[in-house]
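Below is one structure, written out as structure tokens; comments come after it.
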Amino acid sequence: MTASARNFGLDVVRSAAILFVLAAHSLFFFFPFYFESLRELFGLCGSFGVEIFFVLSGFLIGQLIVKEVLSPPSARGLTHFWVRRWFRTLPPYFLVLVLRSFVGFPIDWRMLVFLQNFDPAVAASFPISWSLAIEEWFYLLTPLILLIAASAFRKWSPRMFFVVCGAIGVAAFAGRVAYVVIANPSWDPGVRQHLFLRMDSLMIGVLLGGLRAYRRDAYDRLAKHRRVLGLAGAAGFAAASVWLFLAIERFRLQESFLMRTVFFDWLSLSVALLIVALESSRTVNVRWAPQKWAGAVRFVSLSSYSLYLIHLTAFAPFQILNAQTGSPSYAALWMLCALGAAFALGAAMHRWFEKPVLRLRDRWTGPVAIEGPVAIERA
């Protein structure tokens, strides 16, 4: 997809998500000296980056499910969706697993089938993979459930899409509440990294994407209130920031009932409002998009998946140097070097591996576009 065909508002959201993740992991370099001062900031950045990715993924994948699997409902469409998704996500993931094995991180079989979240020790050997595992099971199960539901009814309707997606989200939330009450798991990894009890965050994005795909007029009417939605989303995001900050500061994060249940949905709903505001904004998509600095945002957005996968591997040698030098000033130097290496490797991986694989996918399956610029005439 060319820059002119992209929705710049979504590029802003995607870039913000990966920058949050990079910021969180960059703080590792200062932990030996300032951990007590930085732990709240680390928690905020790391949590928010992943949650933004979840809602954005649901928003985009929800539209793809409508287009590829449900219009009309077909097993062939489901297969097409899976092939395209797995061409998008699996080759870069397996490449990084292999690269990590060369530098001392063995590949556990559970990583190959995205079951690492059931063993914290396995997940910790490739820390960022836990969120990808949740996404992969989301890609597998959500369109399958929707297709089964569509097959069970003689006439599929958009209303049924929203009912089924809402039911999946409610079931995930109810299951998480029951899990917290019965088993009393920790916030992280017990609840936060659970494969099937985090689907409500993704389904919030799916419901929003379904509204855009099935009821575009209603979505556009909603988007006309983008300023109010943006302010509400920003306020919700700020409230979630304070909430999480205080929970970490007061050592209540791991056992707080509300943090382990409703916090994720509060944050996801706030992100969803911001997505509508940015995706539909003429200021963002028409006035900001041509600016010179917008190229940097697109670069970060386009290479975000490769950056997400490779950055911890790029950080590793500089963390070793940081441990050897043991100085805050050197920590800043190693952090900057690590970020430079991560961006360089992420860009190289995107250009010379990810893009060729995606071109091959499109030759085999045909391109499917859902992002697009805001039309000039839209208010």
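Going by the structure tokens order, chains are called A, B, ..., each with residues numbered from 1, while ligands are numbered from 1 in the order shown.
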(request) With a distance cut-off of 12 Å and only C-alpha atoms, select the neighbouring residues of segment 126-129 of chain A, excluding the residue or stretch itself and same-chain residues fewer than 5 positions from it, and output the selection as a PyMOL selection string. (result) chain A and resi 18+21-22+24-25+46-47+49-50+89-90+93-94+96-101+104-108+110-117+119-121+134-136+189+193+195+305+307-313+316
Just N, CA and C atoms for this one: save the residues we selected as a short mmCIF file (atom, residue, chain, number, x, y, z; two decimals), in the first residue's frame.
```cif
data_model
loop_
_atom_site.label_atom_id
_atom_site.label_comp_id
_atom_site.auth_asym_id
_atom_site.auth_seq_id
_atom_site.Cartn_x
_atom_site.Cartn_y
_atom_site.Cartn_z
N ILE A 18 4.13 1.06 19.04
CA ILE A 18 5.48 0.48 19.06
C ILE A 18 6.44 1.39 19.81
N VAL A 21 6.19 0.59 23.44
CA VAL A 21 6.91 -0.65 23.75
C VAL A 21 8.41 -0.41 23.80
N LEU A 22 8.94 0.30 22.82
CA LEU A 22 10.37 0.60 22.79
C LEU A 22 10.78 1.44 24.00
N ALA A 24 9.37 1.48 26.94
CA ALA A 24 9.36 0.63 28.13
C ALA A 24 10.64 -0.19 28.23
N HIS A 25 11.01 -0.83 27.14
CA HIS A 25 12.17 -1.72 27.18
C HIS A 25 13.49 -0.95 27.20
N GLY A 46 4.85 -0.10 28.76
CA GLY A 46 4.72 -1.47 28.28
C GLY A 46 3.28 -1.91 28.15
N SER A 47 2.46 -1.57 29.13
CA SER A 47 1.06 -1.97 29.10
C SER A 47 0.30 -1.27 27.98
N GLY A 49 1.38 0.16 25.19
CA GLY A 49 1.77 -0.23 23.83
C GLY A 49 1.05 -1.47 23.37
N VAL A 50 1.02 -2.49 24.21
CA VAL A 50 0.38 -3.76 23.84
C VAL A 50 -1.12 -3.58 23.69
N THR A 89 2.10 -12.77 9.52
CA THR A 89 2.66 -12.80 10.87
C THR A 89 3.71 -13.90 11.10
N LEU A 90 3.55 -15.05 10.48
CA LEU A 90 4.41 -16.18 10.85
C LEU A 90 5.83 -16.10 10.29
N TYR A 93 8.07 -13.90 12.42
CA TYR A 93 8.17 -14.47 13.76
C TYR A 93 9.13 -15.66 13.78
N PHE A 94 8.99 -16.57 12.83
CA PHE A 94 9.87 -17.73 12.79
C PHE A 94 11.31 -17.33 12.46
N VAL A 96 12.79 -14.56 13.41
CA VAL A 96 13.39 -14.04 14.65
C VAL A 96 13.65 -15.18 15.63
N LEU A 97 12.77 -16.17 15.69
CA LEU A 97 13.03 -17.33 16.56
C LEU A 97 14.34 -18.01 16.16
N VAL A 98 14.55 -18.18 14.86
CA VAL A 98 15.78 -18.81 14.38
C VAL A 98 16.98 -17.95 14.70
N LEU A 99 16.89 -16.64 14.46
CA LEU A 99 18.00 -15.74 14.76
C LEU A 99 18.33 -15.76 16.25
N ARG A 100 17.32 -15.80 17.09
CA ARG A 100 17.56 -15.84 18.53
C ARG A 100 18.20 -17.16 18.95
N SER A 101 17.87 -18.24 18.25
CA SER A 101 18.49 -19.53 18.60
C SER A 101 19.99 -19.52 18.35
N GLY A 104 21.82 -18.05 21.51
CA GLY A 104 21.66 -18.68 22.83
C GLY A 104 20.27 -18.77 23.39
N PHE A 105 19.23 -18.52 22.57
CA PHE A 105 17.86 -18.64 23.04
C PHE A 105 17.19 -19.81 22.32
N PRO A 106 17.13 -20.99 22.95
CA PRO A 106 16.60 -22.16 22.27
C PRO A 106 15.12 -22.01 21.94
N ILE A 107 14.68 -22.70 20.88
CA ILE A 107 13.29 -22.67 20.45
C ILE A 107 12.52 -23.78 21.16
N ASP A 108 11.57 -23.41 21.96
CA ASP A 108 10.70 -24.39 22.62
C ASP A 108 9.52 -24.70 21.69
N ARG A 110 6.51 -25.08 22.20
CA ARG A 110 5.29 -24.31 22.48
C ARG A 110 5.30 -22.97 21.78
N MET A 111 6.49 -22.44 21.50
CA MET A 111 6.56 -21.20 20.74
C MET A 111 6.08 -21.38 19.31
N LEU A 112 6.23 -22.58 18.78
CA LEU A 112 5.85 -22.84 17.39
C LEU A 112 4.34 -22.92 17.21
N VAL A 113 3.62 -23.24 18.29
CA VAL A 113 2.16 -23.34 18.21
C VAL A 113 1.49 -22.31 19.13
N PHE A 114 2.25 -21.34 19.60
CA PHE A 114 1.75 -20.20 20.37
C PHE A 114 1.04 -20.63 21.66
N LEU A 115 1.68 -21.55 22.36
CA LEU A 115 1.19 -21.98 23.67
C LEU A 115 2.15 -21.57 24.79
N GLN A 116 3.08 -20.68 24.48
CA GLN A 116 4.08 -20.30 25.47
C GLN A 116 3.49 -19.60 26.68
N ASN A 117 2.31 -19.01 26.53
CA ASN A 117 1.74 -18.27 27.66
C ASN A 117 1.33 -19.18 28.81
N ASP A 119 3.23 -21.39 30.08
CA ASP A 119 4.44 -21.63 30.87
C ASP A 119 5.21 -20.33 30.95
N PRO A 120 5.12 -19.61 32.06
CA PRO A 120 5.80 -18.31 32.17
C PRO A 120 7.29 -18.36 31.87
N ALA A 121 7.94 -19.49 32.19
CA ALA A 121 9.37 -19.59 31.92
C ALA A 121 9.65 -19.59 30.42
N ILE A 134 -1.54 -14.38 21.85
CA ILE A 134 -2.96 -14.04 22.00
C ILE A 134 -3.56 -13.66 20.65
N GLU A 135 -2.82 -12.86 19.87
CA GLU A 135 -3.32 -12.45 18.56
C GLU A 135 -3.50 -13.63 17.62
N GLU A 136 -2.55 -14.56 17.64
CA GLU A 136 -2.65 -15.70 16.72
C GLU A 136 -3.86 -16.57 17.04
N PRO A 189 2.02 -12.43 35.06
CA PRO A 189 1.43 -12.85 33.79
C PRO A 189 0.07 -13.51 33.91
N GLN A 193 -1.60 -12.07 30.44
CA GLN A 193 -1.08 -12.88 29.35
C GLN A 193 -1.92 -14.13 29.07
N LEU A 195 -4.25 -16.59 27.31
CA LEU A 195 -4.55 -16.69 25.88
C LEU A 195 -6.00 -16.37 25.54
N TYR A 305 5.98 -4.07 13.00
CA TYR A 305 5.94 -5.49 13.34
C TYR A 305 7.36 -6.05 13.43
N LEU A 307 10.05 -4.32 14.02
CA LEU A 307 10.63 -3.70 15.19
C LEU A 307 10.19 -4.40 16.47
N TYR A 308 8.92 -4.73 16.54
CA TYR A 308 8.39 -5.40 17.71
C TYR A 308 9.10 -6.74 17.95
N LEU A 309 9.29 -7.48 16.88
CA LEU A 309 9.89 -8.80 17.00
C LEU A 309 11.38 -8.76 17.28
N ILE A 310 12.12 -7.81 16.70
CA ILE A 310 13.58 -7.88 16.71
C ILE A 310 14.21 -7.00 17.78
N HIS A 311 13.48 -6.08 18.38
CA HIS A 311 14.16 -5.06 19.19
C HIS A 311 14.83 -5.63 20.44
N LEU A 312 14.22 -6.61 21.09
CA LEU A 312 14.86 -7.16 22.28
C LEU A 312 16.16 -7.89 21.94
N THR A 313 16.19 -8.54 20.78
CA THR A 313 17.41 -9.19 20.33
C THR A 313 18.48 -8.15 20.03
N ALA A 316 20.04 -6.85 23.33
CA ALA A 316 20.76 -7.79 24.19
C ALA A 316 22.25 -7.49 24.34
#
```
(message) With only C-alpha atoms as the counted atoms, please give the residues lying no more than 12 Å from Ala277 of chain A, apart from itself and same-chain residues fewer than 6 positions off, as a ChimeraX atom specification.
(response) /A:8-10,12-13,219-234,270-271,283-285,374
Take the residues from that selection and put them in a file with N, CA and C atoms, as an mmCIF file, in the first residue's frame.
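Listed below is the output, out32.cif:
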```
data_model
loop_
_atom_site.group_PDB
_atom_site.id
_atom_site.type_symbol
_atom_site.label_atom_id
_atom_site.label_comp_id
_atom_site.auth_asym_id
_atom_site.auth_seq_id
_atom_site.Cartn_x
_atom_site.Cartn_y
_atom_site.Cartn_z
ATOM 1 N N PHE A 8 -3.398 7.915 7.496
ATOM 2 C CA PHE A 8 -2.316 8.413 8.341
ATOM 3 C C PHE A 8 -2.703 8.360 9.816
ATOM 4 N N GLY A 9 -3.991 8.504 10.112
ATOM 5 C CA GLY A 9 -4.417 8.405 11.498
ATOM 6 C C GLY A 9 -4.085 7.050 12.097
ATOM 7 N N LEU A 10 -4.259 5.980 11.318
ATOM 8 C CA LEU A 10 -3.917 4.642 11.796
ATOM 9 C C LEU A 10 -2.405 4.465 11.895
ATOM 10 N N VAL A 12 -0.429 6.832 12.827
ATOM 11 C CA VAL A 12 -0.111 7.494 14.093
ATOM 12 C C VAL A 12 -0.365 6.553 15.264
ATOM 13 N N VAL A 13 -1.504 5.848 15.228
ATOM 14 C CA VAL A 13 -1.841 4.915 16.306
ATOM 15 C C VAL A 13 -0.823 3.780 16.374
ATOM 16 N N TYR A 219 -21.133 4.525 11.144
ATOM 17 C CA TYR A 219 -19.761 4.812 11.563
ATOM 18 C C TYR A 219 -19.405 6.262 11.230
ATOM 19 N N ASP A 220 -19.784 6.722 10.048
ATOM 20 C CA ASP A 220 -19.476 8.099 9.664
ATOM 21 C C ASP A 220 -20.229 9.098 10.529
ATOM 22 N N ARG A 221 -21.462 8.775 10.894
ATOM 23 C CA ARG A 221 -22.195 9.667 11.806
ATOM 24 C C ARG A 221 -21.493 9.730 13.159
ATOM 25 N N LEU A 222 -21.013 8.580 13.619
ATOM 26 C CA LEU A 222 -20.251 8.565 14.865
ATOM 27 C C LEU A 222 -18.982 9.398 14.728
ATOM 28 N N ALA A 223 -18.300 9.262 13.582
ATOM 29 C CA ALA A 223 -17.031 9.953 13.373
ATOM 30 C C ALA A 223 -17.197 11.466 13.274
ATOM 31 N N LYS A 224 -18.394 11.939 12.964
ATOM 32 C CA LYS A 224 -18.620 13.381 12.938
ATOM 33 C C LYS A 224 -18.409 14.009 14.314
ATOM 34 N N HIS A 225 -18.511 13.209 15.339
ATOM 35 C CA HIS A 225 -18.281 13.692 16.703
ATOM 36 C C HIS A 225 -16.845 13.392 17.140
ATOM 37 N N ARG A 226 -15.923 13.400 16.178
ATOM 38 C CA ARG A 226 -14.553 12.952 16.449
ATOM 39 C C ARG A 226 -13.869 13.784 17.534
ATOM 40 N N ARG A 227 -14.184 15.062 17.604
ATOM 41 C CA ARG A 227 -13.538 15.884 18.634
ATOM 42 C C ARG A 227 -13.974 15.444 20.029
ATOM 43 N N VAL A 228 -15.263 15.216 20.183
ATOM 44 C CA VAL A 228 -15.767 14.743 21.478
ATOM 45 C C VAL A 228 -15.213 13.362 21.777
ATOM 46 N N LEU A 229 -15.205 12.491 20.769
ATOM 47 C CA LEU A 229 -14.676 11.140 20.962
ATOM 48 C C LEU A 229 -13.196 11.187 21.313
ATOM 49 N N GLY A 230 -12.454 12.050 20.630
ATOM 50 C CA GLY A 230 -11.030 12.174 20.910
ATOM 51 C C GLY A 230 -10.772 12.658 22.328
ATOM 52 N N LEU A 231 -11.543 13.649 22.762
ATOM 53 C CA LEU A 231 -11.385 14.150 24.128
ATOM 54 C C LEU A 231 -11.763 13.085 25.152
ATOM 55 N N ALA A 232 -12.858 12.359 24.875
ATOM 56 C CA ALA A 232 -13.272 11.295 25.794
ATOM 57 C C ALA A 232 -12.226 10.196 25.841
ATOM 58 N N GLY A 233 -11.687 9.834 24.666
ATOM 59 C CA GLY A 233 -10.657 8.805 24.626
ATOM 60 C C GLY A 233 -9.401 9.239 25.355
ATOM 61 N N ALA A 234 -8.995 10.495 25.150
ATOM 62 C CA ALA A 234 -7.809 11.005 25.836
ATOM 63 C C ALA A 234 -8.024 11.063 27.342
ATOM 64 N N SER A 270 -11.113 3.327 25.662
ATOM 65 C CA SER A 270 -10.479 4.636 25.460
ATOM 66 C C SER A 270 -9.672 4.654 24.170
ATOM 67 N N VAL A 271 -8.920 3.581 23.919
ATOM 68 C CA VAL A 271 -8.141 3.478 22.683
ATOM 69 C C VAL A 271 -9.069 3.442 21.468
ATOM 70 N N THR A 283 -7.955 16.750 9.607
ATOM 71 C CA THR A 283 -6.724 17.426 10.025
ATOM 72 C C THR A 283 -5.546 16.457 9.994
ATOM 73 N N VAL A 284 -5.750 15.267 10.547
ATOM 74 C CA VAL A 284 -4.679 14.273 10.601
ATOM 75 C C VAL A 284 -4.370 13.725 9.224
ATOM 76 N N ASN A 285 -5.398 13.349 8.476
ATOM 77 C CA ASN A 285 -5.208 12.606 7.231
ATOM 78 C C ASN A 285 -5.010 13.472 5.998
ATOM 79 N N VAL A 374 -8.826 9.532 4.313
ATOM 80 C CA VAL A 374 -10.127 10.166 4.491
ATOM 81 C C VAL A 374 -10.452 10.955 3.234
#
```
(message) Residues within 12 Å of Leu333 of chain A, please, as a list in words. Count only C-alpha atoms; anything in the same chain fewer than 3 positions from it doesn't count.
(response)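 So the residues in contact are Ser26, Phe29, Phe30, Phe318, Gln319, Leu321, Asn322, Thr325, Gly326, Ser327, Pro328, Ser329, Tyr330, Leu336, Cys337, Ala338, Leu339 and Gly340 of chain A.
Look at Leu253 of chain A: the protein and nucleic acid residues within 12 Å of it, using only C-alpha atoms and passing over chain neighbours fewer than 3 places away, are A:Glu40, A:Gly43, A:Leu44, A:Pro185, A:Ser186, A:Trp187, A:Asp188, A:Pro189, A:Gly190, A:Val191, A:Arg192, A:Trp243, A:Leu244, A:Phe245, A:Leu246, A:Ala247, A:Ile248, A:Glu249, A:Arg250, A:Ser256, A:Phe257, A:Leu258, A:Met259, A:Arg260, A:Thr261, A:Phe263.
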(request) Quote the spacing between atom CA of Ile145 of chain A and atom CA of Trp266 of chain A in Å to one decimal place. (result)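 Computed distance, atom CA of Ile145 of chain A to atom CA of Trp266 of chain A, equals 25.2 Å.
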(request) Skip segment 52-61 of chain A itself and residues of its chain fewer than 3 positions away, then list as a PyMOL selection string all residues within 9 Å of it, counting only C-alpha atoms. (result) chain A and resi 10+13-14+16-18+47-49+64-66+131+135+138-139+199+201-210+212+267-269+271-272+275+370-371
Residues of the last selection are to be written out with N, CA and C atoms, as an mmCIF file, in the first residue's frame.
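Okay, this is what ended up in part.cif:
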```cif
data_model
loop_
_atom_site.group_PDB
_atom_site.id
_atom_site.type_symbol
_atom_site.label_atom_id
_atom_site.label_comp_id
_atom_site.auth_asym_id
_atom_site.auth_seq_id
_atom_site.Cartn_x
_atom_site.Cartn_y
_atom_site.Cartn_z
ATOM 1 N N LEU A 10 -4.259 5.980 11.318
ATOM 2 C CA LEU A 10 -3.917 4.642 11.796
ATOM 3 C C LEU A 10 -2.405 4.465 11.895
ATOM 4 N N VAL A 13 -1.504 5.848 15.228
ATOM 5 C CA VAL A 13 -1.841 4.915 16.306
ATOM 6 C C VAL A 13 -0.823 3.780 16.374
ATOM 7 N N ARG A 14 -0.495 3.206 15.226
ATOM 8 C CA ARG A 14 0.445 2.082 15.173
ATOM 9 C C ARG A 14 1.835 2.516 15.632
ATOM 10 N N ALA A 16 2.525 5.028 17.666
ATOM 11 C CA ALA A 16 2.478 5.277 19.105
ATOM 12 C C ALA A 16 2.597 3.971 19.881
ATOM 13 N N ALA A 17 1.950 2.919 19.392
ATOM 14 C CA ALA A 17 1.991 1.629 20.094
ATOM 15 C C ALA A 17 3.415 1.088 20.172
ATOM 16 N N ILE A 18 4.132 1.056 19.038
ATOM 17 C CA ILE A 18 5.477 0.482 19.056
ATOM 18 C C ILE A 18 6.438 1.393 19.815
ATOM 19 N N SER A 47 2.460 -1.567 29.129
ATOM 20 C CA SER A 47 1.055 -1.973 29.099
ATOM 21 C C SER A 47 0.299 -1.270 27.983
ATOM 22 N N PHE A 48 0.492 0.022 27.853
ATOM 23 C CA PHE A 48 -0.280 0.776 26.877
ATOM 24 C C PHE A 48 0.088 0.412 25.448
ATOM 25 N N GLY A 49 1.380 0.159 25.186
ATOM 26 C CA GLY A 49 1.769 -0.227 23.834
ATOM 27 C C GLY A 49 1.053 -1.473 23.372
ATOM 28 N N LEU A 64 -11.526 -7.147 7.927
ATOM 29 C CA LEU A 64 -11.088 -8.218 7.026
ATOM 30 C C LEU A 64 -11.979 -9.448 7.145
ATOM 31 N N ILE A 65 -12.411 -9.769 8.355
ATOM 32 C CA ILE A 65 -13.298 -10.918 8.533
ATOM 33 C C ILE A 65 -14.602 -10.694 7.790
ATOM 34 N N VAL A 66 -15.162 -9.491 7.907
ATOM 35 C CA VAL A 66 -16.396 -9.184 7.180
ATOM 36 C C VAL A 66 -16.180 -9.327 5.682
ATOM 37 N N SER A 131 2.069 -11.528 23.619
ATOM 38 C CA SER A 131 0.965 -10.795 22.993
ATOM 39 C C SER A 131 0.684 -11.323 21.594
ATOM 40 N N GLU A 135 -2.817 -12.865 19.872
ATOM 41 C CA GLU A 135 -3.320 -12.447 18.564
ATOM 42 C C GLU A 135 -3.499 -13.631 17.620
ATOM 43 N N PHE A 138 -6.529 -15.458 18.425
ATOM 44 C CA PHE A 138 -7.638 -14.603 17.992
ATOM 45 C C PHE A 138 -7.882 -14.770 16.489
ATOM 46 N N TYR A 139 -6.813 -14.750 15.681
ATOM 47 C CA TYR A 139 -6.958 -14.951 14.237
ATOM 48 C C TYR A 139 -7.567 -16.311 13.913
ATOM 49 N N MET A 199 -9.596 -11.782 25.135
ATOM 50 C CA MET A 199 -10.254 -11.560 23.852
ATOM 51 C C MET A 199 -11.198 -10.364 23.870
ATOM 52 N N SER A 201 -10.609 -7.334 24.864
ATOM 53 C CA SER A 201 -9.912 -6.151 24.328
ATOM 54 C C SER A 201 -9.890 -6.180 22.806
ATOM 55 N N LEU A 202 -9.602 -7.332 22.241
ATOM 56 C CA LEU A 202 -9.589 -7.468 20.794
ATOM 57 C C LEU A 202 -10.992 -7.316 20.215
ATOM 58 N N MET A 203 -11.999 -7.842 20.901
ATOM 59 C CA MET A 203 -13.358 -7.780 20.369
ATOM 60 C C MET A 203 -13.917 -6.364 20.386
ATOM 61 N N ILE A 204 -13.433 -5.524 21.281
ATOM 62 C CA ILE A 204 -13.837 -4.113 21.223
ATOM 63 C C ILE A 204 -13.414 -3.514 19.887
ATOM 64 N N GLY A 205 -12.187 -3.832 19.465
ATOM 65 C CA GLY A 205 -11.747 -3.378 18.150
ATOM 66 C C GLY A 205 -12.537 -4.019 17.021
ATOM 67 N N VAL A 206 -12.852 -5.309 17.145
ATOM 68 C CA VAL A 206 -13.614 -6.017 16.102
ATOM 69 C C VAL A 206 -15.000 -5.396 15.945
ATOM 70 N N LEU A 207 -15.669 -5.108 17.048
ATOM 71 C CA LEU A 207 -16.997 -4.493 16.971
ATOM 72 C C LEU A 207 -16.938 -3.141 16.273
ATOM 73 N N LEU A 208 -15.896 -2.374 16.562
ATOM 74 C CA LEU A 208 -15.731 -1.073 15.904
ATOM 75 C C LEU A 208 -15.458 -1.267 14.417
ATOM 76 N N GLY A 209 -14.590 -2.239 14.078
ATOM 77 C CA GLY A 209 -14.330 -2.516 12.677
ATOM 78 C C GLY A 209 -15.555 -3.037 11.961
ATOM 79 N N GLY A 210 -16.360 -3.864 12.643
ATOM 80 C CA GLY A 210 -17.602 -4.352 12.042
ATOM 81 C C GLY A 210 -18.572 -3.227 11.765
ATOM 82 N N ARG A 212 -17.745 -0.194 11.015
ATOM 83 C CA ARG A 212 -17.220 0.501 9.833
ATOM 84 C C ARG A 212 -17.485 -0.286 8.553
ATOM 85 N N LEU A 267 -9.331 0.700 29.369
ATOM 86 C CA LEU A 267 -8.264 1.181 28.501
ATOM 87 C C LEU A 267 -8.582 0.903 27.037
ATOM 88 N N SER A 268 -9.114 -0.266 26.729
ATOM 89 C CA SER A 268 -9.416 -0.626 25.342
ATOM 90 C C SER A 268 -10.504 0.265 24.760
ATOM 91 N N LEU A 269 -11.529 0.571 25.542
ATOM 92 C CA LEU A 269 -12.579 1.475 25.061
ATOM 93 C C LEU A 269 -12.014 2.868 24.804
ATOM 94 N N VAL A 271 -8.920 3.581 23.919
ATOM 95 C CA VAL A 271 -8.141 3.478 22.683
ATOM 96 C C VAL A 271 -9.069 3.442 21.468
ATOM 97 N N ALA A 272 -10.189 2.730 21.571
ATOM 98 C CA ALA A 272 -11.131 2.650 20.455
ATOM 99 C C ALA A 272 -11.665 4.037 20.089
ATOM 100 N N ILE A 275 -9.014 5.854 18.207
ATOM 101 C CA ILE A 275 -8.874 5.334 16.844
ATOM 102 C C ILE A 275 -9.905 5.965 15.918
ATOM 103 N N ILE A 370 -8.084 -2.478 3.243
ATOM 104 C CA ILE A 370 -9.135 -1.932 4.108
ATOM 105 C C ILE A 370 -8.793 -0.535 4.578
ATOM 106 N N GLU A 371 -7.508 -0.236 4.736
ATOM 107 C CA GLU A 371 -7.134 1.126 5.117
ATOM 108 C C GLU A 371 -7.299 2.023 3.912
#
```
